Structure formats: structure tokens, C-alpha cells
file structure_9.pdb (PDB, C-alpha atoms)
ATOM      1  CA  MET J  34       0.000   0.000   0.000
ATOM      2  CA  GLN J  35       1.493   3.338  -1.043
ATOM      3  CA  LYS J  36       1.607   6.006   1.635
ATOM      4  CA  LYS J  37       0.048   9.353   0.943
ATOM      5  CA  ASN J  38       2.398  12.286   0.558
ATOM      6  CA  VAL J  39       2.681  14.134   3.857
ATOM      7  CA  ARG J  40       3.139  17.894   3.767
ATOM      8  CA  TYR J  41       5.019  19.682   6.531
ATOM      9  CA  VAL J  42       5.785  23.352   6.959
ATOM     10  CA  LEU J  43       8.921  24.080   8.970
ATOM     11  CA  LEU J  44      10.250  27.460  10.012
ATOM     12  CA  LEU J  45      14.029  27.679  10.274
ATOM     13  CA  PHE J  46      15.256  30.500  12.430
ATOM     14  CA  GLY J  47      18.962  31.190  12.661
ATOM     15  CA  PHE J  48      21.739  33.552  11.638
ATOM     16  CA  CYS J  49      23.454  34.049   8.301
ATOM     17  CA  LEU J  50      27.122  35.022   8.301
ATOM     18  CA  CYS J  51      27.648  36.966   5.075
ATOM     19  CA  MET J  52      31.127  38.483   4.799
ATOM     20  CA  SER J  53      31.470  40.642   7.951
ATOM     21  CA  LEU J  54      27.749  40.880   8.694
ATOM     22  CA  LEU J  55      25.796  38.589  11.008
ATOM     23  CA  LEU J  56      22.186  38.748   9.879
ATOM     24  CA  PRO J  57      19.011  37.071  11.162
ATOM     25  CA  GLY J  58      17.848  34.311   8.853
ATOM     26  CA  VAL J  59      14.286  33.028   8.568
ATOM     27  CA  ALA J  60      13.273  30.455   5.959
ATOM     28  CA  VAL J  61      10.299  28.215   5.281
ATOM     29  CA  ALA J  62      10.724  24.615   4.162
ATOM     30  CA  GLU J  63       7.807  22.900   2.473
ATOM     31  CA  VAL J  64       8.299  19.142   2.479
ATOM     32  CA  SER J  65       5.962  16.966   0.405
ATOM     33  CA  THR J  66       8.257  14.120  -0.695
ATOM     34  CA  ALA J  67      12.011  13.823  -0.397
ATOM     35  CA  GLU J  68      12.616  17.324  -1.684
ATOM     36  CA  ALA J  69      12.451  20.625   0.134
ATOM     37  CA  ILE J  70      13.063  24.243  -0.784
ATOM     38  CA  ILE J  71      14.630  26.384   1.929
ATOM     39  CA  GLY J  72      14.927  30.098   1.399
ATOM     40  CA  GLY J  73      15.001  29.915  -2.399
ATOM     41  CA  ASN J  74      17.913  29.021  -4.647
ATOM     42  CA  ASN J  75      20.103  32.136  -4.178
ATOM     43  CA  TYR J  76      21.276  31.545  -0.622
ATOM     44  CA  ILE J  77      25.011  32.069  -0.034
ATOM     45  CA  GLY J  78      26.415  32.036   3.471
ATOM     46  CA  VAL J  79      26.525  30.032   6.687
ATOM     47  CA  VAL J  80      23.526  29.371   8.925
ATOM     48  CA  GLU J  81      24.205  29.159  12.636
ATOM     49  CA  GLU J  82      22.016  28.495  15.695
ATOM     50  CA  VAL J  83      19.234  26.871  13.651
ATOM     51  CA  VAL J  84      15.951  25.983  15.371
ATOM     52  CA  LEU J  85      13.115  23.958  13.813
ATOM     53  CA  TYR J  86       9.464  24.652  14.653
ATOM     54  CA  GLY J  87       6.485  22.503  13.745
ATOM     55  CA  ASP J  88       4.106  25.469  13.850
ATOM     56  CA  ILE J  89       4.166  28.803  12.059
ATOM     57  CA  LEU J  90       5.280  31.578  14.394
ATOM     58  CA  LEU J  91       3.720  35.016  14.495
ATOM     59  CA  GLU J  92       5.878  37.988  13.499
ATOM     60  CA  GLU J  93       6.167  39.180  17.107
ATOM     61  CA  GLU J  94       7.181  35.676  18.230
ATOM     62  CA  ILE J  95       9.970  35.568  15.652
ATOM     63  CA  LEU J  96      11.197  39.000  16.782
ATOM     64  CA  GLU J  97      11.116  37.960  20.444
ATOM     65  CA  LYS J  98      13.124  34.791  19.775
ATOM     66  CA  TYR J  99      15.627  36.740  17.678
ATOM     67  CA  GLU J 100      16.147  39.361  20.381
ATOM     68  CA  ASN J 101      16.582  36.672  23.056
ATOM     69  CA  MET J 102      19.192  34.819  21.005
ATOM     70  CA  MET J 103      21.095  37.706  19.445
ATOM     71  CA  PHE J 104      21.551  40.177  22.300
ATOM     72  CA  VAL J 105      25.151  41.116  21.372
ATOM     73  CA  ASN J 106      26.215  42.707  18.075
ATOM     74  CA  GLU J 107      28.931  44.873  16.495
ATOM     75  CA  LEU J 108      31.520  42.652  18.169
ATOM     76  CA  GLU J 109      35.100  43.680  17.419
ATOM     77  CA  ILE J 110      38.631  43.263  18.785
ATOM     78  CA  THR J 111      41.108  46.067  18.020
ATOM     79  CA  ASP J 112      43.979  47.984  19.544
ATOM     80  CA  GLU J 113      43.457  51.354  21.272
ATOM     81  CA  VAL J 114      43.178  53.258  17.994
ATOM     82  CA  GLY J 115      40.929  50.831  16.124
ATOM     83  CA  ASN J 116      43.475  48.723  14.210
ATOM     84  CA  ASN J 117      42.752  44.996  13.887
ATOM     85  CA  LYS J 118      46.409  44.043  13.399
ATOM     86  CA  ILE J 119      49.541  45.024  15.352
ATOM     87  CA  SER J 120      53.168  44.045  15.928
ATOM     88  CA  CYS J 121      54.393  43.418  19.435
ATOM     89  CA  ILE J 122      57.637  42.528  21.183
ATOM     90  CA  LEU J 123      58.427  38.911  22.032
ATOM     91  CA  ASN J 124      57.838  38.180  25.735
ATOM     92  CA  GLY J 125      56.105  41.532  26.079
ATOM     93  CA  LEU J 126      52.711  42.990  26.932
ATOM     94  CA  PHE J 127      50.161  44.549  24.597
ATOM     95  CA  LEU J 128      46.704  46.050  25.026
ATOM     96  CA  ILE J 129      43.592  45.077  23.054
ATOM     97  CA  GLU J 130      40.011  46.289  23.275
ATOM     98  CA  LEU J 131      36.960  44.039  23.045
ATOM     99  CA  GLU J 132      33.981  46.174  21.994
ATOM    100  CA  PHE J 133      30.330  45.174  21.567
ATOM    101  CA  ASN J 134      26.780  46.490  21.754
ATOM    102  CA  LEU J 135      24.468  44.913  24.325
ATOM    103  CA  MET J 136      20.889  44.901  23.057
ATOM    104  CA  LYS J 137      19.111  43.901  26.261
ATOM    105  CA  GLU J 138      19.626  44.041  30.024
ATOM    106  CA  VAL J 139      21.362  40.994  31.539
ATOM    107  CA  ASP J 140      22.145  39.978  35.120
ATOM    108  CA  THR J 141      25.572  38.503  34.273
ATOM    109  CA  LEU J 142      27.603  37.928  31.133
ATOM    110  CA  GLU J 143      30.234  35.365  30.162
ATOM    111  CA  ILE J 144      32.553  35.904  27.197
ATOM    112  CA  GLY J 145      34.728  33.122  25.809
ATOM    113  CA  LEU J 146      37.951  34.060  24.040
ATOM    114  CA  ASP J 147      39.766  31.822  21.571
ATOM    115  CA  ILE J 148      43.381  32.402  22.658
ATOM    116  CA  PRO J 149      46.409  30.080  22.187
ATOM    117  CA  GLN J 150      47.759  28.402  25.321
ATOM    118  CA  ASN J 151      51.001  30.385  25.165
ATOM    119  CA  LEU J 152      49.112  33.632  25.840
ATOM    120  CA  VAL J 153      47.987  34.917  29.198
ATOM    121  CA  ILE J 154      45.490  37.663  29.998
ATOM    122  CA  ASN J 155      47.638  39.604  32.432
ATOM    123  CA  GLU J 156      44.863  41.898  33.649
ATOM    124  CA  ILE J 157      41.679  43.708  32.689
ATOM    125  CA  ALA J 158      42.842  47.286  32.310
ATOM    126  CA  GLY J 159      39.392  48.875  32.168
ATOM    127  CA  VAL J 160      35.721  48.493  31.309
ATOM    128  CA  TYR J 161      33.789  51.285  29.597
ATOM    129  CA  LYS J 162      30.118  51.830  28.839
ATOM    130  CA  ASP J 163      29.288  54.463  26.221
ATOM    131  CA  THR J 164      32.871  55.854  26.586
ATOM    132  CA  VAL J 165      32.529  56.255  30.405
ATOM    133  CA  LYS J 166      34.848  54.116  32.551
ATOM    134  CA  LEU J 167      33.027  51.864  35.004
ATOM    135  CA  ASP J 168      34.880  51.806  38.308
ATOM    136  CA  PRO J 169      34.520  49.716  40.387
ATOM    137  CA  PHE J 170      33.410  46.894  38.084
ATOM    138  CA  ASP J 171      33.017  43.219  39.012
ATOM    139  CA  VAL J 172      34.807  41.296  36.246
ATOM    140  CA  THR J 173      37.144  38.300  36.426
ATOM    141  CA  VAL J 174      39.085  36.019  34.050
ATOM    142  CA  ASN J 175      39.767  32.315  34.620
ATOM    143  CA  ALA J 176      42.572  30.050  33.375
ATOM    144  CA  GLU J 177      40.514  29.107  30.288
ATOM    145  CA  ASN J 178      40.415  32.754  29.133
ATOM    146  CA  LYS J 179      36.736  33.132  29.973
ATOM    147  CA  ILE J 180      35.656  36.602  31.057
ATOM    148  CA  PHE J 181      32.961  36.709  33.739
ATOM    149  CA  ILE J 182      31.028  39.920  34.339
ATOM    150  CA  ASN J 183      29.390  39.332  37.703
ATOM    151  CA  GLN J 184      26.967  42.236  37.784
ATOM    152  CA  SER J 185      23.936  43.471  35.892
ATOM    153  CA  LEU J 186      24.469  45.293  32.589
ATOM    154  CA  GLY J 187      22.119  47.697  30.857
ATOM    155  CA  MET J 188      21.781  48.191  27.129
ATOM    156  CA  GLY J 189      24.605  50.145  25.513
ATOM    157  CA  ASN J 190      28.063  50.054  23.959
ATOM    158  CA  TYR J 191      30.747  48.296  26.018
ATOM    159  CA  LYS J 192      34.514  48.199  25.700
ATOM    160  CA  ILE J 193      36.769  45.879  27.723
ATOM    161  CA  GLN J 194      40.517  46.585  27.709
ATOM    162  CA  LEU J 195      42.709  43.484  28.100
ATOM    163  CA  LEU J 196      46.444  43.519  28.807
ATOM    164  CA  ILE J 197      47.931  40.351  27.291
ATOM    165  CA  TYR J 198      51.375  38.731  27.630
ATOM    166  CA  ASN J 199      52.731  36.823  24.620
ATOM    167  CA  ASN J 200      55.690  34.792  23.409
ATOM    168  CA  SER J 201      54.871  33.859  19.771
ATOM    169  CA  SER J 202      52.695  34.680  16.736
ATOM    170  CA  PHE J 203      48.951  34.259  17.134
ATOM    171  CA  SER J 204      45.442  35.576  16.490
ATOM    172  CA  ILE J 205      42.587  36.303  18.891
ATOM    173  CA  LYS J 206      38.840  36.024  18.384
ATOM    174  CA  THR J 207      35.770  35.638  20.536
ATOM    175  CA  ASP J 208      34.188  32.205  20.856
ATOM    176  CA  TYR J 209      30.738  32.643  22.426
ATOM    177  CA  PHE J 210      28.473  34.627  24.731
ATOM    178  CA  SER J 211      26.428  33.108  27.539
ATOM    179  CA  TYR J 212      23.503  34.414  29.575
ATOM    180  CA  ASP J 213      21.241  32.507  31.952
ATOM    181  CA  GLY J 214      22.704  29.165  30.856
ATOM    182  CA  ASP J 215      22.175  29.695  27.119
ATOM    183  CA  VAL J 216      25.400  29.687  25.085
ATOM    184  CA  ILE J 217      25.410  31.616  21.794
ATOM    185  CA  ASN J 218      28.318  30.831  19.471
ATOM    186  CA  TYR J 219      29.611  34.108  18.069
ATOM    187  CA  GLU J 220      33.073  34.187  16.564
ATOM    188  CA  SER J 221      34.514  37.554  15.641
ATOM    189  CA  TYR J 222      36.996  37.908  12.804
ATOM    190  CA  PRO J 223      40.508  37.158  14.112
ATOM    191  CA  PHE J 224      42.665  39.947  15.506
ATOM    192  CA  GLU J 225      46.102  39.160  14.034
ATOM    193  CA  VAL J 226      49.343  39.799  15.916
ATOM    194  CA  THR J 227      52.882  39.432  14.531
ATOM    195  CA  VAL J 228      55.628  39.005  17.116
ATOM    196  CA  VAL J 229      58.967  40.723  16.442
ATOM    197  CA  GLU J 230      62.276  40.481  18.273
ATOM    198  CA  MET J 231      63.259  43.360  20.521
ATOM    199  CA  PRO J 232      65.879  45.518  18.775
ATOM    200  CA  GLY J 233      69.400  45.237  20.207
ATOM    201  CA  LEU J 234      70.359  48.015  22.583
ATOM    202  CA  LEU J 235      73.628  49.888  22.044
TER     203      LEU J 235
END

call {"tool": "encode", "arguments": {"input": "structure_9.pdb", "output": "C-alpha cells"}}
result
Amino acid sequence: MQKKNVRYVLLLFGFCLCMSLLLPGVAVAEVSTAEAIIGGNNYIGVVEEVVLYGDILLEEEILEKYENMMFVNELEITDEVGNNKISCILNGLFLIELEFNLMKEVDTLEIGLDIPQNLVINEIAGVYKDTVKLDPFDVTVNAENKIFINQSLGMGNYKIQLLIYNNSSFSIKTDYFSYDGDVINYESYPFEVTVVEMPGLL
């Protein structure tokens, strides 16, 4: 006995990484046999954090889920003057700035950094919100290069200055954000560092 074709409508909600932009992605898949069309035939990019729903969501429900998942944007690692590449002295210290926009209020925030094992975050030199230094500020770093902000944060632009010790060539990028137990993978473009020998002193 031949089974009747079953028709499903699935909503895929995720994020599309297109060049340097992280955009929300919503697509509908209509499945009647073994074939499905998702978002048309012109899709180019990478989908991340995909969720499948068996029911069609209302527009406000989609917006709410997007805002809950993607509460950090404009994430960037640079030096003090905005460069994303520097040279530094072997076995020396250098300063980088991790900047991002927080789109909703959170009670705590965890930031994972993808840093080689030969690097050490020496100290957090400062934390700024909307160009104003926050002092005192409850922030710590563990041995796995995870930054823990142990206080509530309001919406706004944040900048965290990190003083890092190095002994080789490397790149740095963020790995994820976490709030209330939910981990959101969010990799920034690498911040590249070239190590040079200290010039001989006369």
C-alpha cells in the first residue's frame, strides 16, 4: 500500500554570516516528498544556531526569539586606535580592546575568548560603557580565558581593555556569549598579531 504524501511546513530560524555581517535568517521549508526548498535558490552564506518549529510563528514571536538569542552585536577586537592588526615585542605585553553592543539588560555575562595556550590575559585594564569608565566593576578572568562579568548590565556600547602577555605569533577572536545558561556561538573575525624580536640596545 502506497503512503500518501505528507506535507510539513517548517520554520528555520537562525543567523546568516555573510562576509562581515551577522544577519538574522528566517526560511520556510515545504516538504511533500524527499525534496524541500529552503529560502530559495540564491542563498550564499553560513547558517548558525538553527531551530526547527512545527508550527508557524507570528511575526512578534519571531522578533522575540531573535532578540533573546542575538543580544550582542557589532563585536570587534582592536587595539586602542581601532586597528585589527599590530606588531608586538616577544615576551612583552600589549593592550587590546573588546567592543560590543548589548541589546538587552542581563544579570551577568560570560565571554569566551579563543586564545592560544602560550598567551595569558595579564589583567583587565578597564571596562567602559558608552565611553565612560566603570569603576569599580566586578569582572574576572579564569585560566581558560573566559571573562565573567558578575553584575547586571544595561543596554549600551561596552569596551573591555585586556592587557595580554605573549611569546609567539597568534590571532585572537571571541568564541561565544552566555547568559542565563544559554550559550550563543559568536566568533569575531581574528585579531592578528605578529611578534617581532626586541631591537638590540647599544

call {"tool": "resolve_selection", "arguments": {"input": "structure_9.pdb", "expression": "the PyMOL selection byres ((chain J and resi 213) around 10)", "output": "PyMOL selection string"}}
result
chain J and resi 139-143+211-212+214-216

call {"tool": "closest_residue", "arguments": {"input": "structure_9.pdb", "among": "J:Glu138, J:Ile193, J:Leu186, J:Glu97", "to": "Thr164 of chain J", "atoms": "all atoms listed in the file"}}
result
J:Ile193

call {"tool": "resolve_selection", "arguments": {"input": "structure_9.pdb", "expression": "the PyMOL selection byres ((chain J and resi 176) around 10)", "output": "number ranges by chain"}}
result
J: 150, 153-154, 174-175, 177-180

call {"tool": "write_last_selection", "arguments": {"input": "structure_9.pdb", "atoms": "C-alpha atoms", "output": "mmCIF file, in the frame of the given file"}}
result
data_model
loop_
_atom_site.group_PDB
_atom_site.id
_atom_site.type_symbol
_atom_site.label_atom_id
_atom_site.label_comp_id
_atom_site.auth_asym_id
_atom_site.auth_seq_id
_atom_site.Cartn_x
_atom_site.Cartn_y
_atom_site.Cartn_z
ATOM 1 C CA GLN J 150 47.759 28.402 25.321
ATOM 2 C CA VAL J 153 47.987 34.917 29.198
ATOM 3 C CA ILE J 154 45.490 37.663 29.998
ATOM 4 C CA VAL J 174 39.085 36.019 34.050
ATOM 5 C CA ASN J 175 39.767 32.315 34.620
ATOM 6 C CA GLU J 177 40.514 29.107 30.288
ATOM 7 C CA ASN J 178 40.415 32.754 29.133
ATOM 8 C CA LYS J 179 36.736 33.132 29.973
ATOM 9 C CA ILE J 180 35.656 36.602 31.057
#

call {"tool": "residues_around", "arguments": {"input": "structure_9.pdb", "residues": "Tyr209 of chain J", "least_positions_apart": "6", "cutoff": "7 Å", "atoms": "only C-alpha atoms", "output": "MDAnalysis selection string"}}
result
chainID J and resid 144:145 216:220

call {"tool": "residues_around", "arguments": {"input": "structure_9.pdb", "residues": "Val165 of chain J", "least_positions_apart": "4", "cutoff": "12 Å", "atoms": "all atoms listed in the file", "output": "ChimeraX atom specification"}}
result
/J:159-161,189-193

call {"tool": "axis_aligned_box", "arguments": {"input": "structure_9.pdb", "around": "segment 208-224 of chain J", "padding_each_side": "4 Å", "output": "AutoDock Vina command-line options"}}
result
--center_x 32.0 --center_y 34.6 --center_z 22.4 --size_x 29.4 --size_y 18.8 --size_z 27.1

call {"tool": "closest_residue", "arguments": {"input": "structure_9.pdb", "among": "J:Ile89, J:Asn199, J:Asp163, J:Phe133", "to": "Pro149 of chain J", "atoms": "only C-alpha atoms"}}
result
J:Asn199

call {"tool": "closest_residue", "arguments": {"input": "structure_9.pdb", "among": "J:Met136, J:Leu152, J:Cys121, J:Ile95", "to": "Leu108 of chain J", "atoms": "all atoms listed in the file"}}
result
J:Met136

call {"tool": "resolve_selection", "arguments": {"input": "structure_9.pdb", "expression": "the PyMOL selection byres ((chain J and resi 170) around 10)", "output": "list of chain:residue names"}}
result
J:Gly159, J:Val160, J:Tyr161, J:Lys166, J:Leu167, J:Asp168, J:Pro169, J:Asp171, J:Val172, J:Thr173, J:Ile182, J:Asn183, J:Gln184

call {"tool": "write_last_selection", "arguments": {"input": "structure_9.pdb", "atoms": "C-alpha atoms", "output": "PDB file, keeping the file's coordinate frame"}}
result
ATOM      1  CA  GLY J 159      39.392  48.875  32.168  1.00  0.00           C
ATOM      2  CA  VAL J 160      35.721  48.493  31.309  1.00  0.00           C
ATOM      3  CA  TYR J 161      33.789  51.285  29.597  1.00  0.00           C
ATOM      4  CA  LYS J 166      34.848  54.116  32.551  1.00  0.00           C
ATOM      5  CA  LEU J 167      33.027  51.864  35.004  1.00  0.00           C
ATOM      6  CA  ASP J 168      34.880  51.806  38.308  1.00  0.00           C
ATOM      7  CA  PRO J 169      34.520  49.716  40.387  1.00  0.00           C
ATOM      8  CA  ASP J 171      33.017  43.219  39.012  1.00  0.00           C
ATOM      9  CA  VAL J 172      34.807  41.296  36.246  1.00  0.00           C
ATOM     10  CA  THR J 173      37.144  38.300  36.426  1.00  0.00           C
ATOM     11  CA  ILE J 182      31.028  39.920  34.339  1.00  0.00           C
ATOM     12  CA  ASN J 183      29.390  39.332  37.703  1.00  0.00           C
ATOM     13  CA  GLN J 184      26.967  42.236  37.784  1.00  0.00           C
TER      14      GLN J 184
END

call {"tool": "atom_distance", "arguments": {"input": "structure_9.pdb", "atom1": "atom CA of Tyr222 of chain J", "atom2": "atom CA of Ile119 of chain J"}}
result
14.6 Å

call {"tool": "build_atoms", "arguments": {"input": "structure_9.pdb", "residues": "segment 179-214 of chain J", "atoms": "N, CA and C atoms", "output": "mmCIF file, in the frame of the given file"}}
result
data_model
loop_
_atom_site.group_PDB
_atom_site.id
_atom_site.type_symbol
_atom_site.label_atom_id
_atom_site.label_comp_id
_atom_site.auth_asym_id
_atom_site.auth_seq_id
_atom_site.Cartn_x
_atom_site.Cartn_y
_atom_site.Cartn_z
ATOM 1 N N LYS J 179 38.139 32.747 29.945
ATOM 2 C CA LYS J 179 36.736 33.132 29.973
ATOM 3 C C LYS J 179 36.579 34.362 30.849
ATOM 4 N N ILE J 180 35.895 35.365 30.317
ATOM 5 C CA ILE J 180 35.656 36.602 31.057
ATOM 6 C C ILE J 180 34.282 36.518 31.709
ATOM 7 N N PHE J 181 34.219 36.759 33.005
ATOM 8 C CA PHE J 181 32.961 36.709 33.739
ATOM 9 C C PHE J 181 32.631 38.103 34.266
ATOM 10 N N ILE J 182 31.536 38.656 33.795
ATOM 11 C CA ILE J 182 31.028 39.920 34.339
ATOM 12 C C ILE J 182 29.954 39.562 35.340
ATOM 13 N N ASN J 183 30.227 39.829 36.620
ATOM 14 C CA ASN J 183 29.390 39.332 37.703
ATOM 15 C C ASN J 183 28.464 40.405 38.256
ATOM 16 N N GLN J 184 27.915 41.210 37.374
ATOM 17 C CA GLN J 184 26.967 42.236 37.784
ATOM 18 C C GLN J 184 26.033 42.528 36.617
ATOM 19 N N SER J 185 24.928 43.192 36.926
ATOM 20 C CA SER J 185 23.936 43.471 35.892
ATOM 21 C C SER J 185 24.470 44.520 34.914
ATOM 22 N N LEU J 186 24.064 44.372 33.644
ATOM 23 C CA LEU J 186 24.469 45.293 32.589
ATOM 24 C C LEU J 186 23.232 45.811 31.874
ATOM 25 N N GLY J 187 23.197 47.118 31.637
ATOM 26 C CA GLY J 187 22.119 47.697 30.857
ATOM 27 C C GLY J 187 22.467 47.715 29.385
ATOM 28 N N MET J 188 21.527 48.090 28.564
ATOM 29 C CA MET J 188 21.781 48.191 27.129
ATOM 30 C C MET J 188 22.796 49.299 26.863
ATOM 31 N N GLY J 189 23.634 49.117 25.852
ATOM 32 C CA GLY J 189 24.605 50.145 25.513
ATOM 33 C C GLY J 189 25.832 49.566 24.843
ATOM 34 N N ASN J 190 26.803 50.438 24.582
ATOM 35 C CA ASN J 190 28.063 50.054 23.959
ATOM 36 C C ASN J 190 29.102 49.812 25.055
ATOM 37 N N TYR J 191 29.761 48.654 25.004
ATOM 38 C CA TYR J 191 30.747 48.296 26.018
ATOM 39 C C TYR J 191 32.108 48.075 25.379
ATOM 40 N N LYS J 192 33.140 48.401 26.143
ATOM 41 C CA LYS J 192 34.514 48.199 25.700
ATOM 42 C C LYS J 192 35.316 47.662 26.879
ATOM 43 N N ILE J 193 35.955 46.497 26.681
ATOM 44 C CA ILE J 193 36.769 45.879 27.723
ATOM 45 C C ILE J 193 38.220 45.895 27.255
ATOM 46 N N GLN J 194 39.096 46.520 28.042
ATOM 47 C CA GLN J 194 40.517 46.585 27.709
ATOM 48 C C GLN J 194 41.255 45.438 28.393
ATOM 49 N N LEU J 195 41.987 44.645 27.590
ATOM 50 C CA LEU J 195 42.709 43.484 28.100
ATOM 51 C C LEU J 195 44.202 43.666 27.864
ATOM 52 N N LEU J 196 44.986 43.478 28.922
ATOM 53 C CA LEU J 196 46.444 43.519 28.807
ATOM 54 C C LEU J 196 46.937 42.075 28.710
ATOM 55 N N ILE J 197 47.587 41.737 27.589
ATOM 56 C CA ILE J 197 47.931 40.351 27.291
ATOM 57 C C ILE J 197 49.439 40.182 27.164
ATOM 58 N N TYR J 198 49.962 39.089 27.738
ATOM 59 C CA TYR J 198 51.375 38.731 27.630
ATOM 60 C C TYR J 198 51.527 37.655 26.565
ATOM 61 N N ASN J 199 52.568 37.776 25.723
ATOM 62 C CA ASN J 199 52.731 36.823 24.620
ATOM 63 C C ASN J 199 54.179 36.383 24.469
ATOM 64 N N ASN J 200 54.335 35.233 23.748
ATOM 65 C CA ASN J 200 55.690 34.792 23.409
ATOM 66 C C ASN J 200 55.768 34.141 22.031
ATOM 67 N N SER J 201 54.798 34.382 21.138
ATOM 68 C CA SER J 201 54.871 33.859 19.771
ATOM 69 C C SER J 201 53.847 34.572 18.891
ATOM 70 N N SER J 202 53.701 34.120 17.636
ATOM 71 C CA SER J 202 52.695 34.680 16.736
ATOM 72 C C SER J 202 51.344 34.025 16.989
ATOM 73 N N PHE J 203 50.269 34.782 16.805
ATOM 74 C CA PHE J 203 48.951 34.259 17.134
ATOM 75 C C PHE J 203 47.859 35.179 16.612
ATOM 76 N N SER J 204 46.611 34.739 16.748
ATOM 77 C CA SER J 204 45.442 35.576 16.490
ATOM 78 C C SER J 204 44.447 35.361 17.608
ATOM 79 N N ILE J 205 43.575 36.346 17.807
ATOM 80 C CA ILE J 205 42.587 36.303 18.891
ATOM 81 C C ILE J 205 41.202 36.542 18.310
ATOM 82 N N LYS J 206 40.228 35.795 18.780
ATOM 83 C CA LYS J 206 38.840 36.024 18.384
ATOM 84 C C LYS J 206 37.927 35.565 19.507
ATOM 85 N N THR J 207 36.726 36.090 19.542
ATOM 86 C CA THR J 207 35.770 35.638 20.536
ATOM 87 C C THR J 207 35.236 34.269 20.133
ATOM 88 N N ASP J 208 34.694 33.551 21.086
ATOM 89 C CA ASP J 208 34.188 32.205 20.856
ATOM 90 C C ASP J 208 32.674 32.130 21.047
ATOM 91 N N TYR J 209 32.170 32.707 22.143
ATOM 92 C CA TYR J 209 30.738 32.643 22.426
ATOM 93 C C TYR J 209 30.357 33.672 23.469
ATOM 94 N N PHE J 210 29.035 33.867 23.625
ATOM 95 C CA PHE J 210 28.473 34.627 24.731
ATOM 96 C C PHE J 210 27.511 33.714 25.475
ATOM 97 N N SER J 211 27.337 33.946 26.763
ATOM 98 C CA SER J 211 26.428 33.108 27.539
ATOM 99 C C SER J 211 25.656 33.959 28.537
ATOM 100 N N TYR J 212 24.357 33.718 28.615
ATOM 101 C CA TYR J 212 23.503 34.414 29.575
ATOM 102 C C TYR J 212 22.418 33.458 30.041
ATOM 103 N N ASP J 213 22.300 33.324 31.369
ATOM 104 C CA ASP J 213 21.241 32.507 31.952
ATOM 105 C C ASP J 213 21.307 31.059 31.454
ATOM 106 N N GLY J 214 22.531 30.553 31.247
ATOM 107 C CA GLY J 214 22.704 29.165 30.856
ATOM 108 C C GLY J 214 22.666 28.898 29.365
#
